[in-house]
Amino acid sequence: MAKKKKTTSKTKQKASTKFKKPNLNFNRKQKVILGSFLILFGIALLVAFTSFLFNWQVDQSTLSNLSDRSVETKNWLSKFGAGISNFFIYKGFGIAAYSIAVLVSLTGFYFFFGMNKKNLKTFWFWGVLVMLWFSTVLGFFAESNALLGGMIGFETNDFLQDYLGFAGTVLLLAFILIVYLVARLNVTPEMLAKYFHKTKKEVAEDFDEAQQESATASNTTENTSEEIQAPIVKENVQTSASEETEAELAIKFERKDGEEEETTSAKNSNKIEEEQDSSIDLNTETNSTETSTPSEKEKIVIKSNDEEDVAMEVETAEEEEVEEDSLSKKIVKDFGEFDPTLELSNYKFPTIELLKDYNAGGSSITIDQQELEENKDNIVNTLKNYKIEIAQIKATVGPTVTLYEIVPEAGIRISKIKNLEDDIALSLAALGIRIIAPIPGRGTIGIEVPNKNASIVSMRSVVASSKFQHAEMQLPIALGKTISNETFVVDLAKMPHLLMAGATGQGKSVGLNCILTSLLYQKHPAEVKFVLVDPKKVELTLFNKIERHYLAKLPDSEEAIITDNTKVINTLNSLCIEMDHRYDLLKDAMVRNIKEYNEKFKARKLNPENGHKFLPYIVLVVDEFADLIMTAGKEVETPIARLAQLARAIGIHLIIATQRPSVNVITGMIKANFPARIAFRVTSKIDSRTILDSGGADQLIGRGDMLYTQGNDLVRLQCAFVDTPEVEKITDFIGSQKAYPDAHQLPEYESEDSGTSLDIDVDERDKLFNQAAEVLVTAQQGSASLLQRKLKVGYNRAGRLIDQLEAAGIVGPFEGSKARQVLVPDLIALEEHLNNE
Ligand SMILES: Nc1ncnc2c1ncn2[C@@H]1O[C@H](COP(=O)(O)OP(=O)(O)OP(=O)(O)O)[C@@H](O)[C@H]1O
């Protein structure tokens, strides 16, 4: 039971996410080997110590000569046994040294069975303390037997006595004993009182029985003995009367406790419940003694000694809620906080070595003094040509661009400099010049000039940065580095959704991989799940390997990564169901967001039997969003917009990437709900406006050069570079570890389009039926894709409409690759046709 204590679970989890600490995480084989060694070593110590107790005097003379092979010792473990026992017992802690043998074996067991080692430290702490205490206590008897307390025991005892005297030492040791009993064994005065009462009662009962027996026997005895016994019996009667009152009290309390347990056990999780049952059994005594705690309902029966007096019942009731609170505290105390990572407790986070070091052996940034000078001169001269004098200029060299901050002479209009963007670009003969006038909060004008030799920002460097490692965020993402070479870390949970756009080949896929990798480095599989939509079918395939660790999918689907556009609709709708379900859970738990919910769940304040469970974050990644909108239209847009509007509080976050940032793809509704946006290089200013609501993305230089905004300022970043082989290594590393039995299951979604028949009822027709008929009749072409485009409906719905139109006799039957024939010549005929139905 003790091994389930998880008071340190949070810290452990954090610690384990910091993967760089010297790795004491052995693999299973190493653990078995180490474990068996420690168990056997512990046993060897036990044997050696025991033998030493009998043979130490004989072996004493050989100790100085142990290295001599010819020397013989009596110890069962020969010279080794004699030497080590002498060290631990005689020179050490006396017989208390047995503790060490036990602790070593115990440690071995922990390794051997791969148990959670959290409690091991506590065992060692208390074990060593107990050993010291015993050896000091036994130090009192050192004169009669030096072996009892060992040298340390004797010396400690002697030292204490010098300063505290005999009595002081005894009192100090008694105090340490109390500390141990209270802190380690949870012994409380109430417990002792209860134990005392119980014992007293048992003794009294035994005594009663003895009395009865002797009473029957004493029928034949003399009167004198009755006289002697009389007062004792009388006294005893009194005792049992008061005992009866106590016994009655105890019964009342026990019954109350029983009730409490019934309600409590119903409130606890399946997993906890098994454990709890036993704990309650164990703790019944404790509960029944804690009669003074206000949370319990007390019923005290006051009985009068006088037979005629009426007995009075005093009942005190307290609020139940407090009881529940104290219950959760009790469960947490007994079993520790709920640890969501327990099922994969041996899960190891990927190590940093899996990532490639692109700048091995040097700084990622090379400063080319000559280039800096040239650029500076060009800027100054160009501006001078337009009669703009500069008071000051400063350069900050970043990985891809250098920022020249200029302070113009007083009286120069900023717009004048801004308008010279193209001229400065021309004079510097460089692409991708961006002018920020003014730089917010700095009072300067910035001119960003690409470096001739851009350096790669490796994923390794950003993942290893302390900013990322110590990020106190829910979903930390290391996007890359800023112009001043600082690692840029953002919280996806705060964004709360991300829109990503950029022309082909500018770094979008790398960006997505960078985001996913960041999360893999920080989040345990129990804490985050990905839903991946990849119409290109190649970009995210590598993540298939971690399906059972990190991916979520629909119950009936085979592939976790969705490549088929029609399946996306089902998944999105399923996520909407999950969202509604999570909102219900949050409402029930009376919390506002997933973070509070999970905290409450971890603190065991929510009962799994009421459907509560630990909620992982869900990150939906959609690559090629434009493609999706093209084929599925409104059917995709509606659930996406719903999720984007509502899902932030319940931990569903969307990342949407698109090549074509046109307004019919990134609609107003979507834009409004995606305040955080990333723009890689795009081809036109209009595209830049569509993504960022401002220009700038068209002036980027590509290869991961990007602009990030979270609603206000634009930040220019160099996206961290993570190559496919690196991602493969990481997914291999994770994939090779123990996984959940299946990918995380999303709720089932029944799509409406299941089963169409030709005899469709007129009343069951799609709302767009008439419109669809008009479209086809006007075009005289019976094609579903036409309906998709004109009515902005998905493939399924268009197919359904065609079926209904066929049933209504407006279009002909399916003719293979050819479009269906339209059977109604024009709109007037159509109107007639529909009226006659
Ligand atoms: N952060 C980066 N640092 C350095 N080079 C990069 C970075 N990002 C991308 N590149 C370079 O650009 C190339 C194309 O990147 P990527 O595949 O991510 O483009 P993309 O935008 O996804 O293109 P598409 O939309 O066609 O899939 C990469 O192979 C790499 O060489």
# chains A, B, ... in the order shown; residues from 1 in each chain; ligands from 1
$ residues_near_ligand --ligand "ligand 1" --cutoff "8 Å" --atoms "only C-alpha atoms and all ligand atoms" --output "MDAnalysis selection string"
chainID A and resid 455:458 480 502:512 539 624 658:659 680 702:705 718:723
$ write_last_selection --atoms "C-alpha atoms" --output "PDB file, in the first residue's frame"
ATOM      1  CA  SER A 455      22.516  29.696 -39.641  1.00  0.00           C
ATOM      2  CA  ILE A 456      20.220  26.866 -38.800  1.00  0.00           C
ATOM      3  CA  VAL A 457      18.428  26.992 -35.474  1.00  0.00           C
ATOM      4  CA  SER A 458      18.518  23.386 -34.427  1.00  0.00           C
ATOM      5  CA  GLY A 480      12.530  28.837 -32.644  1.00  0.00           C
ATOM      6  CA  GLY A 502       2.996  29.815 -45.984  1.00  0.00           C
ATOM      7  CA  ALA A 503       3.707  29.101 -49.611  1.00  0.00           C
ATOM      8  CA  THR A 504       4.963  25.687 -50.529  1.00  0.00           C
ATOM      9  CA  GLY A 505       8.483  24.832 -49.437  1.00  0.00           C
ATOM     10  CA  GLN A 506       8.834  27.649 -46.929  1.00  0.00           C
ATOM     11  CA  GLY A 507       8.935  25.517 -43.793  1.00  0.00           C
ATOM     12  CA  LYS A 508       5.373  24.720 -42.812  1.00  0.00           C
ATOM     13  CA  SER A 509       5.873  21.018 -42.386  1.00  0.00           C
ATOM     14  CA  VAL A 510       9.053  21.593 -40.455  1.00  0.00           C
ATOM     15  CA  GLY A 511       7.108  24.043 -38.287  1.00  0.00           C
ATOM     16  CA  LEU A 512       4.431  21.449 -37.565  1.00  0.00           C
ATOM     17  CA  GLU A 539       4.025  14.583 -43.900  1.00  0.00           C
ATOM     18  CA  GLU A 624      -3.517  21.370 -45.981  1.00  0.00           C
ATOM     19  CA  THR A 658      -2.546  25.883 -45.167  1.00  0.00           C
ATOM     20  CA  GLN A 659      -0.608  26.692 -48.284  1.00  0.00           C
ATOM     21  CA  PHE A 680       5.979  31.648 -43.342  1.00  0.00           C
ATOM     22  CA  GLY A 702      11.829  31.367 -46.551  1.00  0.00           C
ATOM     23  CA  ARG A 703      13.448  28.299 -44.994  1.00  0.00           C
ATOM     24  CA  GLY A 704      11.735  28.696 -41.665  1.00  0.00           C
ATOM     25  CA  ASP A 705      11.879  32.482 -41.507  1.00  0.00           C
ATOM     26  CA  GLN A 718      13.609  31.645 -37.191  1.00  0.00           C
ATOM     27  CA  CYS A 719      11.737  28.396 -36.868  1.00  0.00           C
ATOM     28  CA  ALA A 720      13.694  25.579 -35.279  1.00  0.00           C
ATOM     29  CA  PHE A 721      14.722  22.978 -37.790  1.00  0.00           C
ATOM     30  CA  VAL A 722      13.880  19.363 -37.169  1.00  0.00           C
ATOM     31  CA  ASP A 723      14.517  17.005 -40.016  1.00  0.00           C
TER      32      ASP A 723
END
$ residues_around --residues "segment 818-835 of chain A" --least-positions-apart "2" --cutoff "7 Å" --atoms "only C-alpha atoms" --output "ChimeraX atom specification"
/A:774,777-778,780-783,809-816,837
$ atom_distance --atom1 "atom CA of Asp423 of chain A" --atom2 "atom CA of Pro438 of chain A"
18.2 Å
$ closest_atom_pairs --of "segment 443-491 of chain A" --to "segment 424-437 of chain A" --cutoff "10 Å" --atoms "only C-alpha atoms" --output "Markdown table"
| residue | atom | partner | partner_atom | distance |
| --- | --- | --- | --- | --- |
| A:Gly443 | CA | A:Ala437 | CA | 8.9 |
| A:Thr444 | CA | A:Ala437 | CA | 7.3 |
| A:Ile445 | CA | A:Ala437 | CA | 4.7 |
| A:Gly446 | CA | A:Ile436 | CA | 4.8 |
| A:Ile447 | CA | A:Ile435 | CA | 4.6 |
| A:Glu448 | CA | A:Arg434 | CA | 5.1 |
| A:Val449 | CA | A:Ile433 | CA | 5.2 |
| A:Pro450 | CA | A:Gly432 | CA | 6.5 |
| A:Asn451 | CA | A:Ala430 | CA | 9.2 |
| A:Lys452 | CA | A:Ala430 | CA | 9.0 |
$ write_last_selection --atoms "C-alpha atoms" --output "mmCIF file, in the first residue's frame"
data_model
loop_
_atom_site.group_PDB
_atom_site.id
_atom_site.type_symbol
_atom_site.label_atom_id
_atom_site.label_comp_id
_atom_site.auth_asym_id
_atom_site.auth_seq_id
_atom_site.Cartn_x
_atom_site.Cartn_y
_atom_site.Cartn_z
ATOM 1 C CA GLY A 443 11.394 54.276 -29.919
ATOM 2 C CA THR A 444 13.621 53.232 -32.806
ATOM 3 C CA ILE A 445 13.129 52.204 -36.403
ATOM 4 C CA GLY A 446 14.114 48.705 -37.309
ATOM 5 C CA ILE A 447 15.493 47.509 -40.596
ATOM 6 C CA GLU A 448 15.791 43.763 -40.875
ATOM 7 C CA VAL A 449 18.398 42.619 -43.345
ATOM 8 C CA PRO A 450 18.921 38.937 -44.136
ATOM 9 C CA ASN A 451 22.350 37.545 -43.327
ATOM 10 C CA LYS A 452 24.391 36.298 -46.226
#
$ residues_around --residues "segment 555-572 of chain A" --least-positions-apart "3" --cutoff "9 Å" --atoms "only C-alpha atoms" --output "PyMOL selection string"
chain A and resi 531-537+540-541+543-544+547+551-552+575-577+627-628+631-632+635-636+639-640+643+743-751+794-796
$ write_last_selection --atoms "N, CA and C atoms" --output "mmCIF file, in the first residue's frame"
data_model
loop_
_atom_site.group_PDB
_atom_site.id
_atom_site.type_symbol
_atom_site.label_atom_id
_atom_site.label_comp_id
_atom_site.auth_asym_id
_atom_site.auth_seq_id
_atom_site.Cartn_x
_atom_site.Cartn_y
_atom_site.Cartn_z
ATOM 1 N N VAL A 531 -4.662 14.517 -32.659
ATOM 2 C CA VAL A 531 -5.511 14.050 -33.749
ATOM 3 C C VAL A 531 -4.886 14.649 -35.001
ATOM 4 N N LEU A 532 -4.370 13.796 -35.866
ATOM 5 C CA LEU A 532 -3.604 14.310 -37.000
ATOM 6 C C LEU A 532 -4.370 14.122 -38.310
ATOM 7 N N VAL A 533 -4.510 15.205 -39.033
ATOM 8 C CA VAL A 533 -5.170 15.155 -40.338
ATOM 9 C C VAL A 533 -4.134 15.532 -41.386
ATOM 10 N N ASP A 534 -3.858 14.609 -42.269
ATOM 11 C CA ASP A 534 -2.774 14.826 -43.216
ATOM 12 C C ASP A 534 -3.199 14.389 -44.613
ATOM 13 N N PRO A 535 -3.881 15.261 -45.338
ATOM 14 C CA PRO A 535 -4.363 14.859 -46.667
ATOM 15 C C PRO A 535 -3.207 14.531 -47.611
ATOM 16 N N LYS A 536 -2.012 15.110 -47.357
ATOM 17 C CA LYS A 536 -0.876 14.823 -48.248
ATOM 18 C C LYS A 536 -0.365 13.403 -48.055
ATOM 19 N N LYS A 537 -0.773 12.790 -46.966
ATOM 20 C CA LYS A 537 -0.481 11.386 -46.645
ATOM 21 C C LYS A 537 0.982 11.090 -46.346
ATOM 22 N N LEU A 540 2.926 13.491 -42.033
ATOM 23 C CA LEU A 540 2.846 13.128 -40.620
ATOM 24 C C LEU A 540 2.881 11.619 -40.387
ATOM 25 N N THR A 541 3.141 10.868 -41.458
ATOM 26 C CA THR A 541 3.096 9.398 -41.336
ATOM 27 C C THR A 541 3.984 8.859 -40.229
ATOM 28 N N PHE A 543 4.386 9.728 -37.387
ATOM 29 C CA PHE A 543 3.754 9.726 -36.071
ATOM 30 C C PHE A 543 2.874 8.492 -35.861
ATOM 31 N N ASN A 544 2.686 7.710 -36.932
ATOM 32 C CA ASN A 544 1.959 6.450 -36.796
ATOM 33 C C ASN A 544 2.590 5.538 -35.753
ATOM 34 N N GLU A 547 1.232 5.795 -32.284
ATOM 35 C CA GLU A 547 -0.239 5.764 -32.247
ATOM 36 C C GLU A 547 -0.780 5.403 -30.866
ATOM 37 N N LEU A 551 -1.641 9.177 -29.988
ATOM 38 C CA LEU A 551 -2.671 9.562 -30.954
ATOM 39 C C LEU A 551 -4.070 9.209 -30.467
ATOM 40 N N ALA A 552 -5.039 9.929 -31.014
ATOM 41 C CA ALA A 552 -6.442 9.644 -30.696
ATOM 42 C C ALA A 552 -7.146 9.363 -32.008
ATOM 43 N N LEU A 575 -15.070 15.207 -32.155
ATOM 44 C CA LEU A 575 -14.406 16.115 -31.212
ATOM 45 C C LEU A 575 -15.413 17.082 -30.584
ATOM 46 N N CYS A 576 -16.406 17.461 -31.386
ATOM 47 C CA CYS A 576 -17.451 18.343 -30.839
ATOM 48 C C CYS A 576 -18.222 17.604 -29.739
ATOM 49 N N ILE A 577 -18.472 16.315 -29.960
ATOM 50 C CA ILE A 577 -19.172 15.542 -28.928
ATOM 51 C C ILE A 577 -18.303 15.459 -27.670
ATOM 52 N N ASP A 627 -7.277 22.324 -48.823
ATOM 53 C CA ASP A 627 -7.733 21.150 -49.530
ATOM 54 C C ASP A 627 -9.018 20.620 -48.900
ATOM 55 N N LEU A 628 -9.050 20.656 -47.616
ATOM 56 C CA LEU A 628 -10.200 20.161 -46.858
ATOM 57 C C LEU A 628 -11.426 21.017 -47.109
ATOM 58 N N THR A 631 -12.929 20.381 -50.551
ATOM 59 C CA THR A 631 -13.707 19.169 -50.762
ATOM 60 C C THR A 631 -14.893 19.043 -49.825
ATOM 61 N N ALA A 632 -14.773 19.557 -48.622
ATOM 62 C CA ALA A 632 -15.857 19.323 -47.678
ATOM 63 C C ALA A 632 -16.606 20.595 -47.287
ATOM 64 N N GLU A 635 -19.250 21.597 -44.198
ATOM 65 C CA GLU A 635 -19.300 20.482 -43.256
ATOM 66 C C GLU A 635 -18.056 20.421 -42.382
ATOM 67 N N VAL A 636 -16.971 20.986 -42.882
ATOM 68 C CA VAL A 636 -15.753 21.042 -42.086
ATOM 69 C C VAL A 636 -15.697 22.357 -41.328
ATOM 70 N N PRO A 639 -17.925 22.544 -37.768
ATOM 71 C CA PRO A 639 -17.360 22.000 -36.525
ATOM 72 C C PRO A 639 -16.037 22.647 -36.135
ATOM 73 N N ILE A 640 -15.233 23.048 -37.137
ATOM 74 C CA ILE A 640 -13.957 23.712 -36.805
ATOM 75 C C ILE A 640 -14.242 25.019 -36.081
ATOM 76 N N LEU A 643 -15.439 24.290 -32.583
ATOM 77 C CA LEU A 643 -14.329 23.897 -31.700
ATOM 78 C C LEU A 643 -13.475 25.103 -31.357
ATOM 79 N N ALA A 743 -4.973 3.214 -29.352
ATOM 80 C CA ALA A 743 -4.935 4.686 -29.399
ATOM 81 C C ALA A 743 -6.095 5.224 -28.553
ATOM 82 N N HIS A 744 -5.968 6.477 -28.127
ATOM 83 C CA HIS A 744 -7.022 7.096 -27.319
ATOM 84 C C HIS A 744 -8.322 7.133 -28.140
ATOM 85 N N GLN A 745 -9.395 6.692 -27.542
ATOM 86 C CA GLN A 745 -10.649 6.601 -28.302
ATOM 87 C C GLN A 745 -11.452 7.892 -28.199
ATOM 88 N N LEU A 746 -11.828 8.386 -29.359
ATOM 89 C CA LEU A 746 -12.724 9.543 -29.379
ATOM 90 C C LEU A 746 -14.150 9.012 -29.360
ATOM 91 N N PRO A 747 -15.118 9.837 -28.971
ATOM 92 C CA PRO A 747 -16.485 9.333 -28.954
ATOM 93 C C PRO A 747 -16.981 8.970 -30.355
ATOM 94 N N GLU A 748 -17.890 8.043 -30.394
ATOM 95 C CA GLU A 748 -18.402 7.602 -31.687
ATOM 96 C C GLU A 748 -19.303 8.673 -32.285
ATOM 97 N N TYR A 749 -19.208 8.838 -33.588
ATOM 98 C CA TYR A 749 -20.092 9.804 -34.233
ATOM 99 C C TYR A 749 -20.853 9.117 -35.351
ATOM 100 N N GLU A 750 -22.152 9.189 -35.256
ATOM 101 C CA GLU A 750 -22.997 8.577 -36.287
ATOM 102 C C GLU A 750 -23.253 9.628 -37.346
ATOM 103 N N SER A 751 -22.685 9.445 -38.532
ATOM 104 C CA SER A 751 -22.930 10.461 -39.556
ATOM 105 C C SER A 751 -24.326 10.251 -40.136
ATOM 106 N N GLY A 794 -20.446 19.164 -48.476
ATOM 107 C CA GLY A 794 -19.435 18.119 -48.548
ATOM 108 C C GLY A 794 -19.815 17.056 -49.560
ATOM 109 N N TYR A 795 -18.897 16.170 -49.788
ATOM 110 C CA TYR A 795 -19.076 15.112 -50.760
ATOM 111 C C TYR A 795 -20.290 14.244 -50.415
ATOM 112 N N ASN A 796 -20.387 13.901 -49.124
ATOM 113 C CA ASN A 796 -21.470 13.004 -48.710
ATOM 114 C C ASN A 796 -22.835 13.613 -48.930
#
$ residues_around --residues "Phe601 of chain A" --least-positions-apart "3" --cutoff "12 Å" --atoms "only C-alpha atoms" --output "NGL selection string"
:A and (268-269 or 328 or 332 or 337-340 or 585-586 or 589-591 or 594-598 or 604-608 or 610-615)
$ write_last_selection --atoms "C-alpha atoms" --output "mmCIF file, in the first residue's frame"
data_model
loop_
_atom_site.group_PDB
_atom_site.id
_atom_site.type_symbol
_atom_site.label_atom_id
_atom_site.label_comp_id
_atom_site.auth_asym_id
_atom_site.auth_seq_id
_atom_site.Cartn_x
_atom_site.Cartn_y
_atom_site.Cartn_z
ATOM 1 C CA ASN A 268 -14.128 6.686 -5.194
ATOM 2 C CA SER A 269 -12.519 5.434 -8.296
ATOM 3 C CA SER A 328 -10.472 13.391 -0.338
ATOM 4 C CA VAL A 332 -4.722 11.647 -0.875
ATOM 5 C CA GLU A 337 -2.500 12.249 -5.481
ATOM 6 C CA PHE A 338 -3.889 10.537 -8.530
ATOM 7 C CA ASP A 339 -1.060 10.021 -10.946
ATOM 8 C CA PRO A 340 -2.269 9.926 -14.553
ATOM 9 C CA LEU A 585 -17.862 17.132 -16.672
ATOM 10 C CA LEU A 586 -16.509 20.608 -15.924
ATOM 11 C CA ALA A 589 -17.059 19.454 -11.088
ATOM 12 C CA MET A 590 -17.823 23.159 -10.746
ATOM 13 C CA VAL A 591 -14.580 24.266 -12.334
ATOM 14 C CA ILE A 594 -9.373 21.681 -17.778
ATOM 15 C CA LYS A 595 -6.440 22.688 -15.607
ATOM 16 C CA GLU A 596 -8.612 23.185 -12.549
ATOM 17 C CA TYR A 597 -10.543 20.056 -13.427
ATOM 18 C CA ASN A 598 -7.461 17.880 -13.615
ATOM 19 C CA ARG A 604 -9.213 12.857 -5.603
ATOM 20 C CA LYS A 605 -12.096 15.257 -5.260
ATOM 21 C CA LEU A 606 -13.961 13.890 -8.275
ATOM 22 C CA ASN A 607 -15.447 10.457 -8.304
ATOM 23 C CA PRO A 608 -14.642 8.302 -11.349
ATOM 24 C CA ASN A 610 -19.708 9.590 -11.809
ATOM 25 C CA GLY A 611 -17.891 9.526 -15.123
ATOM 26 C CA HIS A 612 -14.992 11.711 -14.063
ATOM 27 C CA LYS A 613 -11.604 10.898 -15.465
ATOM 28 C CA PHE A 614 -8.282 12.573 -16.039
ATOM 29 C CA LEU A 615 -8.622 14.586 -19.221
#
$ closest_residue --among "A:Val715, A:Met191, A:Leu355, A:Ala97" --to "Met151 of chain A" --atoms "only C-alpha atoms"
A:Ala97
$ select_by_dssp --residues "segment 337-472 of chain A" --states "alpha helix (DSSP H)" --output "ChimeraX atom specification"
/A:369-385,414-418,421-428,459-464,466-469
$ write_last_selection --atoms "C-alpha atoms" --output "compact mmCIF listing (two decimals), in the first residue's frame"
# COMPACT_ATOMS: atom_id res chain seq x y z
CA GLN A 369 32.09 42.13 -39.35
CA GLN A 370 32.60 43.15 -42.94
CA GLU A 371 29.02 42.37 -43.87
CA LEU A 372 27.78 44.37 -40.91
CA GLU A 373 29.89 47.38 -41.90
CA GLU A 374 28.77 47.20 -45.51
CA ASN A 375 25.13 47.02 -44.60
CA LYS A 376 25.45 49.85 -42.15
CA ASP A 377 27.13 52.08 -44.74
CA ASN A 378 24.51 51.22 -47.33
CA ILE A 379 21.66 52.05 -44.99
CA VAL A 380 23.22 55.29 -43.88
CA ASN A 381 24.04 56.33 -47.44
CA THR A 382 20.66 55.42 -48.87
CA LEU A 383 18.90 57.36 -46.20
CA LYS A 384 21.29 60.26 -46.70
CA ASN A 385 20.36 60.35 -50.37
CA ILE A 414 8.70 57.95 -39.84
CA SER A 415 6.47 57.34 -42.85
CA LYS A 416 9.22 58.74 -45.01
CA ILE A 417 11.59 55.97 -43.97
CA LYS A 418 8.88 53.34 -44.28
CA GLU A 421 11.68 50.07 -48.07
CA ASP A 422 12.22 49.16 -51.72
CA ASP A 423 15.04 51.67 -52.17
CA ILE A 424 16.91 50.35 -49.20
CA ALA A 425 16.37 46.79 -50.46
CA LEU A 426 17.77 47.85 -53.80
CA SER A 427 20.82 49.47 -52.32
CA LEU A 428 21.52 46.48 -50.12
CA MET A 459 15.63 21.83 -32.58
CA ARG A 460 18.23 20.51 -30.21
CA SER A 461 19.32 23.96 -29.15
CA VAL A 462 15.78 25.17 -28.44
CA VAL A 463 14.73 22.00 -26.66
CA ALA A 464 17.82 22.16 -24.48
CA SER A 466 16.44 26.47 -20.03
CA LYS A 467 13.54 28.62 -21.16
CA PHE A 468 11.89 25.55 -22.63
CA GLN A 469 13.06 23.17 -19.95
$ select_by_dssp --residues "segment 415-476 of chain A" --states "strand (DSSP E or B)" --output "PyMOL selection string"
chain A and resi 434-436+445-450+458+476
$ write_last_selection --atoms "N, CA and C atoms" --output "PDB file, in the first residue's frame"
ATOM      1  N   ARG A 434      12.747  44.067 -44.217  1.00  0.00           N
ATOM      2  CA  ARG A 434      11.494  44.458 -43.604  1.00  0.00           C
ATOM      3  C   ARG A 434      11.764  45.672 -42.739  1.00  0.00           C
ATOM      4  N   ILE A 435      10.925  46.658 -42.872  1.00  0.00           N
ATOM      5  CA  ILE A 435      11.148  47.846 -42.052  1.00  0.00           C
ATOM      6  C   ILE A 435      10.051  47.939 -40.996  1.00  0.00           C
ATOM      7  N   ILE A 436      10.477  48.058 -39.756  1.00  0.00           N
ATOM      8  CA  ILE A 436       9.492  48.176 -38.678  1.00  0.00           C
ATOM      9  C   ILE A 436       9.614  49.597 -38.144  1.00  0.00           C
ATOM     10  N   ILE A 445      13.655  52.782 -35.170  1.00  0.00           N
ATOM     11  CA  ILE A 445      13.129  52.204 -36.403  1.00  0.00           C
ATOM     12  C   ILE A 445      13.999  50.998 -36.737  1.00  0.00           C
ATOM     13  N   GLY A 446      13.342  49.920 -37.051  1.00  0.00           N
ATOM     14  CA  GLY A 446      14.114  48.705 -37.309  1.00  0.00           C
ATOM     15  C   GLY A 446      14.184  48.377 -38.784  1.00  0.00           C
ATOM     16  N   ILE A 447      15.365  47.991 -39.219  1.00  0.00           N
ATOM     17  CA  ILE A 447      15.493  47.509 -40.596  1.00  0.00           C
ATOM     18  C   ILE A 447      16.077  46.105 -40.509  1.00  0.00           C
ATOM     19  N   GLU A 448      15.306  45.140 -40.950  1.00  0.00           N
ATOM     20  CA  GLU A 448      15.791  43.763 -40.875  1.00  0.00           C
ATOM     21  C   GLU A 448      16.432  43.384 -42.203  1.00  0.00           C
ATOM     22  N   VAL A 449      17.679  42.986 -42.133  1.00  0.00           N
ATOM     23  CA  VAL A 449      18.398  42.619 -43.345  1.00  0.00           C
ATOM     24  C   VAL A 449      18.855  41.158 -43.228  1.00  0.00           C
ATOM     25  N   PRO A 450      18.521  40.339 -44.215  1.00  0.00           N
ATOM     26  CA  PRO A 450      18.921  38.937 -44.136  1.00  0.00           C
ATOM     27  C   PRO A 450      20.436  38.787 -44.114  1.00  0.00           C
ATOM     28  N   SER A 458      18.846  24.808 -34.568  1.00  0.00           N
ATOM     29  CA  SER A 458      18.518  23.386 -34.427  1.00  0.00           C
ATOM     30  C   SER A 458      17.462  23.189 -33.350  1.00  0.00           C
ATOM     31  N   PRO A 476       3.848  23.687 -23.592  1.00  0.00           N
ATOM     32  CA  PRO A 476       4.925  24.538 -24.092  1.00  0.00           C
ATOM     33  C   PRO A 476       5.422  24.119 -25.474  1.00  0.00           C
TER      34      PRO A 476
END
$ residues_around --residues "segment 735-738 of chain A" --least-positions-apart "4" --cutoff "9 Å" --atoms "only C-alpha atoms" --output "ChimeraX atom specification"
/A:344,346-348,544-549,730-731
$ closest_residue --among "A:Gly411, A:Gly168, A:Pro399, A:Gly108" --to "Phe37 of chain A" --atoms "only C-alpha atoms"
A:Gly108
$ atom_distance --atom1 "atom CA of Leu717 of chain A" --atom2 "atom CA of Thr482 of chain A"
4.6 Å
$ residues_around --residues "Gly81 of chain A" --least-positions-apart "5" --cutoff "10 Å" --atoms "only C-alpha atoms" --output "number ranges by chain"
A: 44-52, 73-76, 86-87
$ decode --residues "segment 727-744 of chain A" --atoms "C-alpha atoms" --output "compact mmCIF listing (two decimals), in the first residue's frame"
# COMPACT_ATOMS: atom_id res chain seq x y z
CA VAL A 727 11.49 12.91 -35.99
CA GLU A 728 11.83 9.28 -36.99
CA LYS A 729 14.37 8.67 -34.23
CA ILE A 730 12.10 10.27 -31.66
CA THR A 731 9.03 8.34 -32.76
CA ASP A 732 11.08 5.13 -32.84
CA PHE A 733 12.31 5.83 -29.34
CA ILE A 734 8.80 6.39 -28.05
CA GLY A 735 7.25 3.66 -30.17
CA SER A 736 9.62 1.03 -28.81
CA GLN A 737 8.38 1.59 -25.29
CA LYS A 738 5.42 0.02 -23.56
CA ALA A 739 2.22 1.59 -24.85
CA TYR A 740 -1.45 1.72 -24.08
CA PRO A 741 -3.44 -1.16 -25.57
CA ASP A 742 -4.93 1.12 -28.19
CA ALA A 743 -4.93 4.69 -29.40
CA HIS A 744 -7.02 7.10 -27.32
